$ cat coords-v2.csv   # CSV, C-alpha atoms and all ligand atoms
chain,number,residue,atom,x,y,z
A,1,MET,CA,29.6,24.3,6.6
A,2,ASN,CA,27.1,21.7,7.9
A,3,HIS,CA,26.4,20.7,11.5
A,4,TYR,CA,26.9,17.1,12.3
A,5,PHE,CA,26.3,14.8,15.3
A,6,ALA,CA,28.1,11.5,15.5
A,7,THR,CA,26.3,9.0,17.8
A,8,VAL,CA,28.6,6.8,20.0
A,9,ALA,CA,28.4,4.3,22.8
A,10,ARG,CA,28.2,5.7,26.3
A,11,GLY,CA,31.7,6.4,27.6
A,12,LEU,CA,33.4,6.6,24.2
A,13,GLU,CA,32.6,10.3,23.6
A,14,PRO,CA,36.1,11.6,24.3
A,15,ILE,CA,37.9,9.0,22.2
A,16,ALA,CA,35.4,9.6,19.3
A,17,ALA,CA,36.0,13.4,19.6
A,18,GLN,CA,39.7,12.9,19.2
A,19,GLU,CA,39.2,10.6,16.2
A,20,LEU,CA,36.9,13.2,14.6
A,21,GLU,CA,39.5,15.9,15.1
A,22,ARG,CA,42.1,13.7,13.4
A,23,LEU,CA,39.8,13.3,10.5
A,24,GLY,CA,39.5,17.1,10.1
A,25,ALA,CA,36.3,17.9,12.0
A,26,LYS,CA,35.9,21.4,13.3
A,27,GLU,CA,34.2,22.8,16.5
A,28,VAL,CA,34.2,19.3,18.0
A,29,ARG,CA,32.1,19.1,21.1
A,30,PRO,CA,31.4,15.8,23.0
A,31,ASP,CA,27.9,15.5,24.4
A,32,PHE,CA,26.0,12.6,26.1
A,33,THR,CA,26.4,9.5,23.7
A,34,GLY,CA,27.4,11.7,20.8
A,35,VAL,CA,29.8,14.3,19.5
A,36,HIS,CA,28.8,17.6,17.7
A,37,PHE,CA,31.1,18.8,14.9
A,38,VAL,CA,31.0,20.9,11.7
A,39,GLY,CA,32.5,20.5,8.3
A,40,ASP,CA,31.8,20.1,4.6
A,41,ILE,CA,30.3,17.2,2.6
A,42,ALA,CA,33.8,15.7,2.0
A,43,LEU,CA,34.2,15.5,5.8
A,44,LEU,CA,30.9,13.7,6.1
A,45,TYR,CA,31.9,11.1,3.6
A,46,ARG,CA,35.4,10.8,5.1
A,47,VAL,CA,34.0,10.3,8.6
A,48,ASN,CA,31.6,7.6,7.4
A,49,LEU,CA,34.5,5.8,5.6
A,50,TRP,CA,37.2,6.2,8.2
A,51,ALA,CA,35.8,6.6,11.7
A,52,ARG,CA,36.4,3.5,13.7
A,53,THR,CA,34.6,4.4,17.0
A,54,ILE,CA,31.2,5.9,16.0
A,55,PHE,CA,27.8,4.4,15.2
A,56,ARG,CA,26.4,6.9,12.7
A,57,VAL,CA,26.6,10.5,11.5
A,58,LEU,CA,23.4,12.7,11.6
A,59,VAL,CA,23.3,15.8,9.5
A,60,THR,CA,21.4,18.6,11.2
A,61,LEU,CA,18.7,20.1,8.9
A,62,ARG,CA,17.0,22.5,11.4
A,63,GLU,CA,16.8,23.2,15.1
A,64,PHE,CA,13.7,25.1,16.4
A,65,ALA,CA,11.5,25.7,19.4
A,66,CYS,CA,8.9,22.9,19.7
A,67,PRO,CA,6.6,23.0,22.6
A,68,ASP,CA,3.9,20.8,21.1
A,69,ALA,CA,2.7,18.7,18.1
A,70,ASP,CA,1.1,21.6,16.2
A,71,ARG,CA,4.3,23.6,16.2
A,72,LEU,CA,6.3,20.5,15.2
A,73,TYR,CA,4.0,20.0,12.2
A,74,GLN,CA,4.3,23.7,11.2
A,75,GLU,CA,8.1,23.9,11.5
A,76,VAL,CA,8.6,20.7,9.6
A,77,GLN,CA,6.4,22.1,6.8
A,78,LYS,CA,8.7,25.2,6.6
A,79,ILE,CA,11.4,23.0,5.1
A,80,ASP,CA,11.5,22.6,1.3
A,81,TRP,CA,11.5,18.8,1.3
A,82,GLU,CA,11.9,18.6,-2.4
A,83,GLN,CA,15.6,19.3,-1.8
A,84,TYR,CA,15.9,15.9,0.0
A,85,LEU,CA,13.4,13.6,-1.5
A,86,LYS,CA,11.0,13.2,-4.4
A,87,PRO,CA,7.7,11.3,-4.2
A,88,HIS,CA,9.3,8.2,-5.7
A,89,ASN,CA,11.9,8.1,-2.9
A,90,THR,CA,11.0,6.1,0.2
A,91,LEU,CA,11.4,7.6,3.7
A,92,SER,CA,11.5,6.6,7.4
A,93,VAL,CA,11.3,8.8,10.5
A,94,THR,CA,12.7,7.8,13.9
A,95,ALA,CA,12.1,9.9,17.0
A,96,THR,CA,14.1,10.1,20.2
A,97,GLY,CA,13.7,12.2,23.4
A,98,GLY,CA,10.5,14.0,24.3
A,99,ASN,CA,8.8,16.7,26.4
A,100,ASP,CA,5.5,17.1,28.3
A,101,LYS,CA,3.4,17.4,25.1
A,102,LEU,CA,5.5,15.2,22.9
A,103,ASN,CA,6.0,12.1,25.0
A,104,HIS,CA,5.4,9.3,22.6
A,105,THR,CA,8.2,8.8,20.1
A,106,HIS,CA,6.0,6.9,17.7
A,107,PHE,CA,3.5,9.8,17.6
A,108,THR,CA,6.3,12.4,17.2
A,109,ALA,CA,7.7,10.4,14.3
A,110,LEU,CA,4.2,10.2,12.7
A,111,GLN,CA,3.6,13.9,13.0
A,112,VAL,CA,6.9,14.6,11.2
A,113,LYS,CA,6.1,12.0,8.5
A,114,ASN,CA,2.6,13.6,8.0
A,115,ALA,CA,4.0,17.1,7.7
A,116,ILE,CA,6.4,15.9,4.9
A,117,VAL,CA,4.0,13.8,2.9
A,118,ASP,CA,1.2,16.5,3.2
A,119,GLN,CA,3.7,18.9,1.6
A,120,GLN,CA,4.5,16.5,-1.1
A,121,ARG,CA,0.8,15.8,-1.9
A,122,ALA,CA,0.0,19.5,-2.1
A,123,GLN,CA,3.0,20.0,-4.4
A,124,PHE,CA,3.0,16.9,-6.6
A,125,GLY,CA,-0.3,15.2,-6.0
A,126,GLU,CA,1.7,12.1,-4.8
A,127,ARG,CA,3.8,11.2,-1.8
A,128,SER,CA,6.8,9.1,-0.7
A,129,SER,CA,6.0,5.8,0.9
A,130,VAL,CA,7.4,4.7,4.2
A,131,ASP,CA,10.1,2.0,4.3
A,132,THR,CA,11.2,1.3,7.9
A,133,GLN,CA,14.0,-1.2,6.7
A,134,ASP,CA,15.9,0.4,3.9
A,135,ALA,CA,14.5,3.9,3.1
A,136,ASP,CA,16.2,6.2,0.6
A,137,VAL,CA,16.0,9.0,3.2
A,138,SER,CA,16.0,8.4,7.0
A,139,ILE,CA,15.0,11.3,9.1
A,140,ASN,CA,15.8,11.6,12.8
A,141,VAL,CA,13.7,13.9,15.1
A,142,HIS,CA,15.1,14.6,18.5
A,143,ILE,CA,13.0,16.4,21.1
A,144,TYR,CA,14.7,17.8,24.2
A,145,GLN,CA,12.8,20.1,26.5
A,146,ASN,CA,11.2,22.7,24.2
A,147,ARG,CA,13.7,22.2,21.4
A,148,CYS,CA,13.6,20.0,18.3
A,149,ILE,CA,16.5,18.9,16.1
A,150,LEU,CA,15.7,17.4,12.7
A,151,SER,CA,18.5,15.5,11.1
A,152,LEU,CA,19.2,13.2,8.2
A,153,ASP,CA,21.0,9.9,8.9
A,154,SER,CA,23.9,9.7,6.6
A,155,SER,CA,25.2,6.3,7.6
A,156,GLY,CA,22.2,3.9,7.4
A,157,THR,CA,23.1,0.6,9.2
A,158,SER,CA,25.2,1.3,12.2
A,159,LEU,CA,28.9,1.8,11.3
A,160,HIS,CA,29.9,-0.9,13.8
A,161,ARG,CA,28.6,-3.3,11.1
A,162,ARG,CA,31.7,-3.1,9.0
A,163,GLY,CA,30.6,-5.9,6.7
A,164,TYR,CA,33.6,-8.1,7.4
A,165,ARG,CA,32.0,-10.2,10.1
A,166,PRO,CA,29.4,-12.6,8.9
A,167,ALA,CA,30.6,-15.0,11.6
A,168,VAL,CA,30.4,-14.0,15.2
A,169,GLY,CA,31.5,-15.8,18.4
A,170,MET,CA,29.4,-16.3,21.5
A,171,ALA,CA,29.9,-12.8,23.0
A,172,PRO,CA,31.7,-10.7,20.4
A,173,LEU,CA,32.6,-7.1,21.1
A,174,LYS,CA,31.2,-4.5,18.9
A,175,GLU,CA,33.8,-3.5,16.3
A,176,THR,CA,33.4,0.2,17.4
A,177,LEU,CA,34.2,-0.7,21.0
A,178,ALA,CA,37.1,-2.9,20.0
A,179,ALA,CA,38.6,-0.1,17.9
A,180,ALA,CA,38.0,2.4,20.9
A,181,LEU,CA,39.9,0.0,23.3
A,182,VAL,CA,42.8,-0.3,20.9
A,183,GLU,CA,42.9,3.6,20.8
A,184,MET,CA,42.6,3.9,24.6
A,185,SER,CA,45.5,1.4,25.0
A,186,GLU,CA,47.8,3.8,23.0
A,187,TRP,CA,49.1,0.7,21.2
A,188,GLU,CA,51.3,1.7,18.2
A,189,PRO,CA,51.6,-0.7,15.2
A,190,SER,CA,55.3,-0.9,15.7
A,191,LEU,CA,54.6,-3.0,18.9
A,192,PRO,CA,53.5,-6.7,18.9
A,193,PHE,CA,49.7,-7.1,19.8
A,194,LEU,CA,48.2,-10.1,21.4
A,195,ASP,CA,44.6,-11.0,22.4
A,196,PRO,CA,44.9,-14.4,24.2
A,197,LEU,CA,41.1,-14.7,24.5
A,198,CYS,CA,40.3,-13.5,21.0
A,199,GLY,CA,37.0,-15.3,20.3
A,200,SER,CA,35.9,-14.2,16.8
A,201,GLY,CA,39.0,-12.0,16.6
A,202,THR,CA,37.4,-8.5,16.9
A,203,LEU,CA,40.3,-6.9,18.8
A,204,PRO,CA,43.2,-8.3,16.6
A,205,LEU,CA,41.1,-7.5,13.4
A,206,GLU,CA,40.5,-3.9,14.4
A,207,ALA,CA,44.1,-3.5,15.5
A,208,SER,CA,45.2,-4.9,12.0
A,209,LEU,CA,42.9,-2.6,10.1
A,210,LYS,CA,44.4,0.4,12.0
A,211,ALA,CA,48.0,-0.9,11.5
A,212,LEU,CA,47.5,-1.5,7.7
A,213,ASN,CA,45.7,1.9,7.3
A,214,ILE,CA,42.6,0.1,6.0
A,215,ALA,CA,39.4,2.2,6.3
A,216,PRO,CA,36.8,0.3,8.2
A,217,GLY,CA,34.1,1.5,5.7
A,218,VAL,CA,35.6,-0.2,2.6
A,219,PHE,CA,33.8,-3.5,3.4
A,220,ARG,CA,30.3,-2.0,3.6
A,221,ARG,CA,27.8,-2.5,0.8
A,222,GLN,CA,26.3,1.0,1.1
A,223,PHE,CA,26.1,4.2,3.1
A,224,ALA,CA,22.8,6.0,3.3
A,225,PHE,CA,24.2,9.2,1.7
A,226,GLU,CA,24.8,7.3,-1.5
A,227,LYS,CA,21.1,7.3,-2.1
A,228,TRP,CA,20.7,11.1,-1.5
A,229,LEU,CA,19.7,13.5,-4.3
A,230,ASP,CA,22.9,15.5,-3.8
A,231,PHE,CA,25.2,12.5,-3.7
A,232,ASP,CA,28.6,13.5,-5.2
A,233,GLU,CA,29.8,10.2,-6.8
A,234,ASP,CA,33.0,11.7,-8.1
A,235,LEU,CA,34.0,12.9,-4.6
A,236,TRP,CA,33.1,9.6,-3.1
A,237,ASP,CA,35.1,7.6,-5.7
A,238,GLN,CA,38.1,9.8,-5.1
A,239,LEU,CA,37.9,9.2,-1.3
A,240,LEU,CA,37.6,5.4,-1.9
A,241,GLU,CA,40.5,5.5,-4.3
A,242,GLU,CA,42.7,7.5,-1.9
A,243,ALA,CA,41.8,5.0,0.9
A,244,GLN,CA,42.6,2.0,-1.3
A,245,SER,CA,45.9,3.4,-2.5
A,246,GLY,CA,47.0,4.3,1.1
A,247,GLU,CA,46.6,0.8,2.4
A,248,LEU,CA,49.8,-0.9,3.6
A,249,ASP,CA,50.5,-4.5,2.8
A,250,GLN,CA,52.8,-5.5,5.7
A,251,LEU,CA,52.4,-5.2,9.4
A,252,LYS,CA,55.4,-3.7,11.2
A,253,ALA,CA,55.0,-6.1,14.2
A,254,PRO,CA,53.0,-9.3,14.7
A,255,ILE,CA,49.3,-9.2,15.6
A,256,ILE,CA,48.2,-12.4,17.2
A,257,GLY,CA,44.9,-13.8,18.5
A,258,SER,CA,44.6,-17.0,20.4
A,259,ASP,CA,41.8,-18.9,22.1
A,260,ARG,CA,41.3,-22.4,23.3
A,261,ASP,CA,38.1,-23.0,21.2
A,262,PRO,CA,38.9,-24.3,17.7
A,263,ASP,CA,35.5,-23.5,16.3
A,264,ILE,CA,35.6,-19.9,17.3
A,265,LEU,CA,39.1,-19.5,15.9
A,266,ASN,CA,37.7,-20.7,12.5
A,267,GLN,CA,35.2,-17.9,12.7
A,268,ALA,CA,38.1,-15.4,13.5
A,269,ARG,CA,40.0,-16.8,10.4
A,270,THR,CA,36.9,-16.4,8.2
A,271,ASN,CA,36.5,-12.8,9.4
A,272,ALA,CA,40.2,-12.1,8.6
A,273,GLN,CA,39.6,-13.5,5.1
A,274,GLN,CA,36.7,-11.2,4.6
A,275,CYS,CA,39.0,-8.3,5.4
A,276,GLY,CA,41.6,-9.6,3.0
A,277,ILE,CA,44.2,-9.8,5.8
A,278,ALA,CA,44.2,-13.6,6.6
A,279,GLN,CA,47.9,-13.7,5.6
A,280,GLN,CA,48.9,-11.0,8.0
A,281,ILE,CA,47.2,-11.9,11.3
A,282,LYS,CA,47.9,-15.1,13.2
A,283,PHE,CA,45.2,-17.1,15.0
A,284,ASN,CA,46.5,-19.9,17.2
A,285,GLN,CA,44.7,-22.5,19.4
A,286,ILE,CA,46.2,-22.1,22.9
A,287,ASP,CA,44.8,-22.4,26.3
A,288,ILE,CA,45.7,-19.5,28.5
A,289,ALA,CA,47.5,-21.9,30.9
A,290,GLN,CA,50.0,-22.8,28.1
A,291,LEU,CA,50.4,-19.3,26.7
A,292,GLU,CA,54.0,-18.0,26.3
A,293,ALA,CA,55.0,-14.4,25.3
A,294,PRO,CA,55.7,-14.2,21.6
A,295,ALA,CA,58.1,-11.3,22.0
A,296,ASP,CA,60.0,-9.4,24.7
A,297,SER,CA,57.5,-6.5,24.8
A,298,GLY,CA,54.1,-5.7,23.4
A,299,VAL,CA,50.5,-4.9,24.2
A,300,ILE,CA,47.8,-7.4,25.4
A,301,ILE,CA,44.2,-6.5,25.2
A,302,CYS,CA,41.5,-9.0,26.1
A,303,ASN,CA,38.0,-9.3,27.4
A,304,PRO,CA,37.6,-12.5,29.5
A,305,PRO,CA,34.1,-13.8,30.2
A,306,TYR,CA,32.7,-12.0,33.2
A,307,GLY,CA,29.5,-13.9,34.0
A,308,GLU,CA,26.9,-11.5,32.5
A,309,ARG,CA,26.7,-13.4,29.3
A,310,LEU,CA,29.1,-16.4,29.4
A,311,GLY,CA,29.7,-18.8,32.2
A,312,ASP,CA,29.0,-18.2,35.9
A,313,ALA,CA,30.8,-15.4,37.8
A,314,SER,CA,31.5,-17.6,40.8
A,315,GLU,CA,33.4,-20.2,38.7
A,316,LEU,CA,35.4,-17.5,36.9
A,317,GLY,CA,37.5,-16.4,39.9
A,318,ASP,CA,40.2,-19.0,39.4
A,319,PHE,CA,40.3,-18.1,35.7
A,320,TYR,CA,41.0,-14.4,36.5
A,321,LYS,CA,43.7,-15.5,39.0
A,322,LEU,CA,45.3,-17.7,36.3
A,323,LEU,CA,45.2,-14.7,33.9
A,324,GLY,CA,47.1,-12.5,36.4
A,325,ASP,CA,49.6,-15.3,37.1
A,326,VAL,CA,50.4,-15.8,33.4
A,327,PHE,CA,50.8,-12.1,32.9
A,328,LYS,CA,53.1,-11.7,35.8
A,329,GLN,CA,55.2,-14.8,35.2
A,330,ARG,CA,55.5,-14.8,31.4
A,331,PHE,CA,54.9,-11.3,30.1
A,332,GLN,CA,57.5,-9.1,31.8
A,333,GLY,CA,58.0,-6.0,29.6
A,334,TRP,CA,54.5,-6.1,28.3
A,335,THR,CA,51.5,-3.9,29.0
A,336,ALA,CA,48.2,-5.7,29.5
A,337,PHE,CA,44.6,-4.4,29.3
A,338,VAL,CA,41.6,-6.3,30.6
A,339,LEU,CA,38.0,-5.3,29.9
A,340,THR,CA,35.6,-6.6,32.6
A,341,GLY,CA,32.2,-5.9,33.9
A,342,ASN,CA,32.8,-7.5,37.2
A,343,LYS,CA,34.8,-5.7,39.9
A,344,GLU,CA,35.1,-8.8,42.2
A,345,LEU,CA,36.6,-10.9,39.3
A,346,ALA,CA,38.9,-8.0,38.4
A,347,LYS,CA,40.4,-8.2,41.9
A,348,ARG,CA,41.3,-11.8,41.4
A,349,VAL,CA,43.8,-10.8,38.7
A,350,GLY,CA,46.0,-9.9,41.7
A,351,LEU,CA,48.1,-7.2,39.9
A,352,LYS,CA,48.2,-3.5,40.5
A,353,THR,CA,46.3,-1.5,37.9
A,354,SER,CA,48.0,1.7,36.6
A,355,ARG,CA,44.8,3.0,35.0
A,356,ARG,CA,41.1,2.2,35.2
A,357,ILE,CA,38.9,3.5,32.4
A,358,PRO,CA,35.1,3.3,32.7
A,359,VAL,CA,33.4,2.1,29.5
A,360,TYR,CA,30.1,0.5,28.5
A,361,ASN,CA,29.9,-2.8,26.7
A,362,GLY,CA,26.3,-2.5,25.4
A,363,SER,CA,24.3,-1.8,28.5
A,364,ILE,CA,26.9,-3.4,30.8
A,365,PRO,CA,29.0,-0.9,32.8
A,366,CYS,CA,32.6,-2.1,32.6
A,367,THR,CA,36.2,-1.1,33.4
A,368,PHE,CA,39.2,-1.2,31.1
A,369,LEU,CA,42.1,-2.1,33.4
A,370,LYS,CA,45.7,-1.4,32.6
A,371,TYR,CA,48.6,-3.4,34.0
A,372,GLU,CA,52.3,-2.6,33.5
A,373,LEU,CA,54.1,-5.9,33.7
A,374,TYR,CA,57.7,-5.5,35.1
A,401,LIG,C1,34.1,-12.9,25.9
A,401,LIG,S1,34.9,-14.0,24.8
A,401,LIG,C2,35.9,-12.9,23.8
A,401,LIG,C3,35.2,-12.3,22.7
A,401,LIG,C4,36.1,-11.6,21.7
A,401,LIG,N1,36.7,-10.4,22.2
A,401,LIG,C5,35.3,-11.3,20.4
A,401,LIG,O1,35.1,-10.1,20.1
A,401,LIG,O2,34.8,-12.2,19.8
A,401,LIG,C6,36.1,-14.9,25.8
A,401,LIG,C7,36.8,-15.9,25.0
A,401,LIG,O3,37.8,-16.5,25.9
A,401,LIG,C8,38.0,-17.9,25.5
A,401,LIG,N2,38.5,-18.7,26.6
A,401,LIG,C9,37.9,-19.0,27.8
A,401,LIG,N3,38.7,-19.7,28.6
A,401,LIG,C10,39.9,-19.8,27.9
A,401,LIG,C11,41.2,-20.4,28.2
A,401,LIG,N4,41.4,-21.0,29.4
A,401,LIG,N5,42.2,-20.3,27.3
A,401,LIG,C12,41.9,-19.6,26.1
A,401,LIG,N6,40.8,-19.1,25.8
A,401,LIG,C13,39.8,-19.1,26.7
A,401,LIG,C14,36.6,-18.3,25.1
A,401,LIG,O4,36.7,-19.4,24.2
A,401,LIG,C15,36.0,-17.0,24.4
A,401,LIG,O5,36.2,-17.1,23.0

$ encode --input "coords-v2.csv" --output "structure tokens"
Amino acid sequence: MNHYFATVARGLEPIAAQELERLGAKEVRPDFTGVHFVGDIALLYRVNLWARTIFRVLVTLREFACPDADRLYQEVQKIDWEQYLKPHNTLSVTATGGNDKLNHTHFTALQVKNAIVDQQRAQFGERSSVDTQDADVSINVHIYQNRCILSLDSSGTSLHRRGYRPAVGMAPLKETLAAALVEMSEWEPSLPFLDPLCGSGTLPLEASLKALNIAPGVFRRQFAFEKWLDFDEDLWDQLLEEAQSGELDQLKAPIIGSDRDPDILNQARTNAQQCGIAQQIKFNQIDIAQLEAPADSGVIICNPPYGERLGDASELGDFYKLLGDVFKQRFQGWTAFVLTGNKELAKRVGLKTSRRIPVYNGSIPCTFLKYELY
């Protein structure tokens, strides 16, 4: 059994922990911006392929006491690095955290890199070169008080970069956050789904991938673990085949995105094509003022502009009021969710919330508001 740590956006730890449990993770323990869990190599591959809400999975190599730089060097040299990389493989080291003596992440990373390449030189007379962009093996060193955790990054590029979105709107949600909001809403694929401010379509796209049982990792070019010395290609091919044969080809209920901006809707359609689901998902050009309910009941999730990145907060009050009026007058029987980073604007919706969930959109503290529309 290996120890793993999935990194996640602040606030998404509980939802990521639930997702990891569903994927078969054991001893799941949420922490600050991450979730600890244990499992075998098949679980590591499955989580990278299937997890919708996490950024990356780190594989713990060793945890040890580390009061200063000398001890760090000695402890890193105790690992037999030949198991993980040969001199012809490239490496990168990133450091996070710190303590009194190790308070420069750049220096901490250099110390780890030196300990590894010095071992290689002594053993083989040659050493790995550093590649900060696309290394064969990426090592993460985390210092916390007098402890150090050394890990390998199994994912590579963050998992929110699914690979289906070459085109992005003005202020797109990260795919991982969109998937987490869909989970938090408790929407089920048997219900209609609508995002009336869909921009580049991230929310309807993530809802569709879930509904069609499409693994979010199938669009990615590569995961870091595919370059590892112990990469089990047969196991990985089997997981990919299982994923592909389990895909559904029909939605049970409509998934619709609308927006008033035709250019951004074209981006959303391109993204749907990249996912191979352009025939399933509907993208319509509609201003929210003209929006009508497409069914008697369903779930709305949207993130209206809130002034941090788009438009001016003072001009958005009327827009939030309109949003609330449209929900109230035309969407009886639906449940609506609004993600906003502005509490004053949220009040202008003018409807009673039945839940308020704090989440972060990047560095912006936001609230995910739930409205039951009777
Ligand atoms: C913050 S963006 C949504 C981003 C989207 N979730 C994504 O991931 O790309 C808000 C969207 O609301 C749309 N919008 C603003 N006012 C609108 C209106 N009156 N009717 C319809 N759409 C509107 C904008 O065109 C923009 O695409």

$ atom_distance --input "coords-v2.csv" --atom1 "atom CA of Phe32 of chain A" --atom2 "atom CA of Ala16 of chain A"
12.0 Å

$ residues_around --input "coords-v2.csv" --residues "segment 276-282 of chain A" --least-positions-apart "6" --cutoff "7 Å" --atoms "all atoms listed in the file" --output "list in words"
Leu251, Ile255, Ile256, Gly257 and Arg269 of chain A

$ residues_near_ligand --input "coords-v2.csv" --ligand "ligand LIG 401 (chain A)" --cutoff "7 Å" --atoms "all atoms listed in the file" --output "list in words"
Val168, Gly169, Met170, Ala171, Pro172, Leu173, Lys174, Pro196, Leu197, Cys198, Gly199, Ser200, Gly201, Thr202, Leu203, Ser258, Asp259, Arg260, Asp261, Ile264, Ile286, Asp287, Ile288, Ala289, Cys302, Asn303, Pro304 and Pro305 of chain A

$ closest_atom_pairs --input "coords-v2.csv" --of "segment 33-119 of chain A" --to "segment 149-153 of chain A" --cutoff "9 Å" --atoms "only C-alpha atoms" --output "tab-separated table"
residue	atom	partner	partner_atom	distance
A:Arg56	CA	A:Asp153	CA	7.3
A:Val57	CA	A:Asp153	CA	6.2
A:Leu58	CA	A:Asp153	CA	4.6
A:Val59	CA	A:Leu152	CA	5.0
A:Thr60	CA	A:Ser151	CA	4.2
A:Leu61	CA	A:Ser151	CA	5.1
A:Arg62	CA	A:Leu150	CA	5.4
A:Glu63	CA	A:Ile149	CA	4.4
A:Phe64	CA	A:Ile149	CA	6.8
A:Val76	CA	A:Leu150	CA	8.4

$ atom_distance --input "coords-v2.csv" --atom1 "atom CA of Leu229 of chain A" --atom2 "atom CA of Asp31 of chain A"
29.9 Å
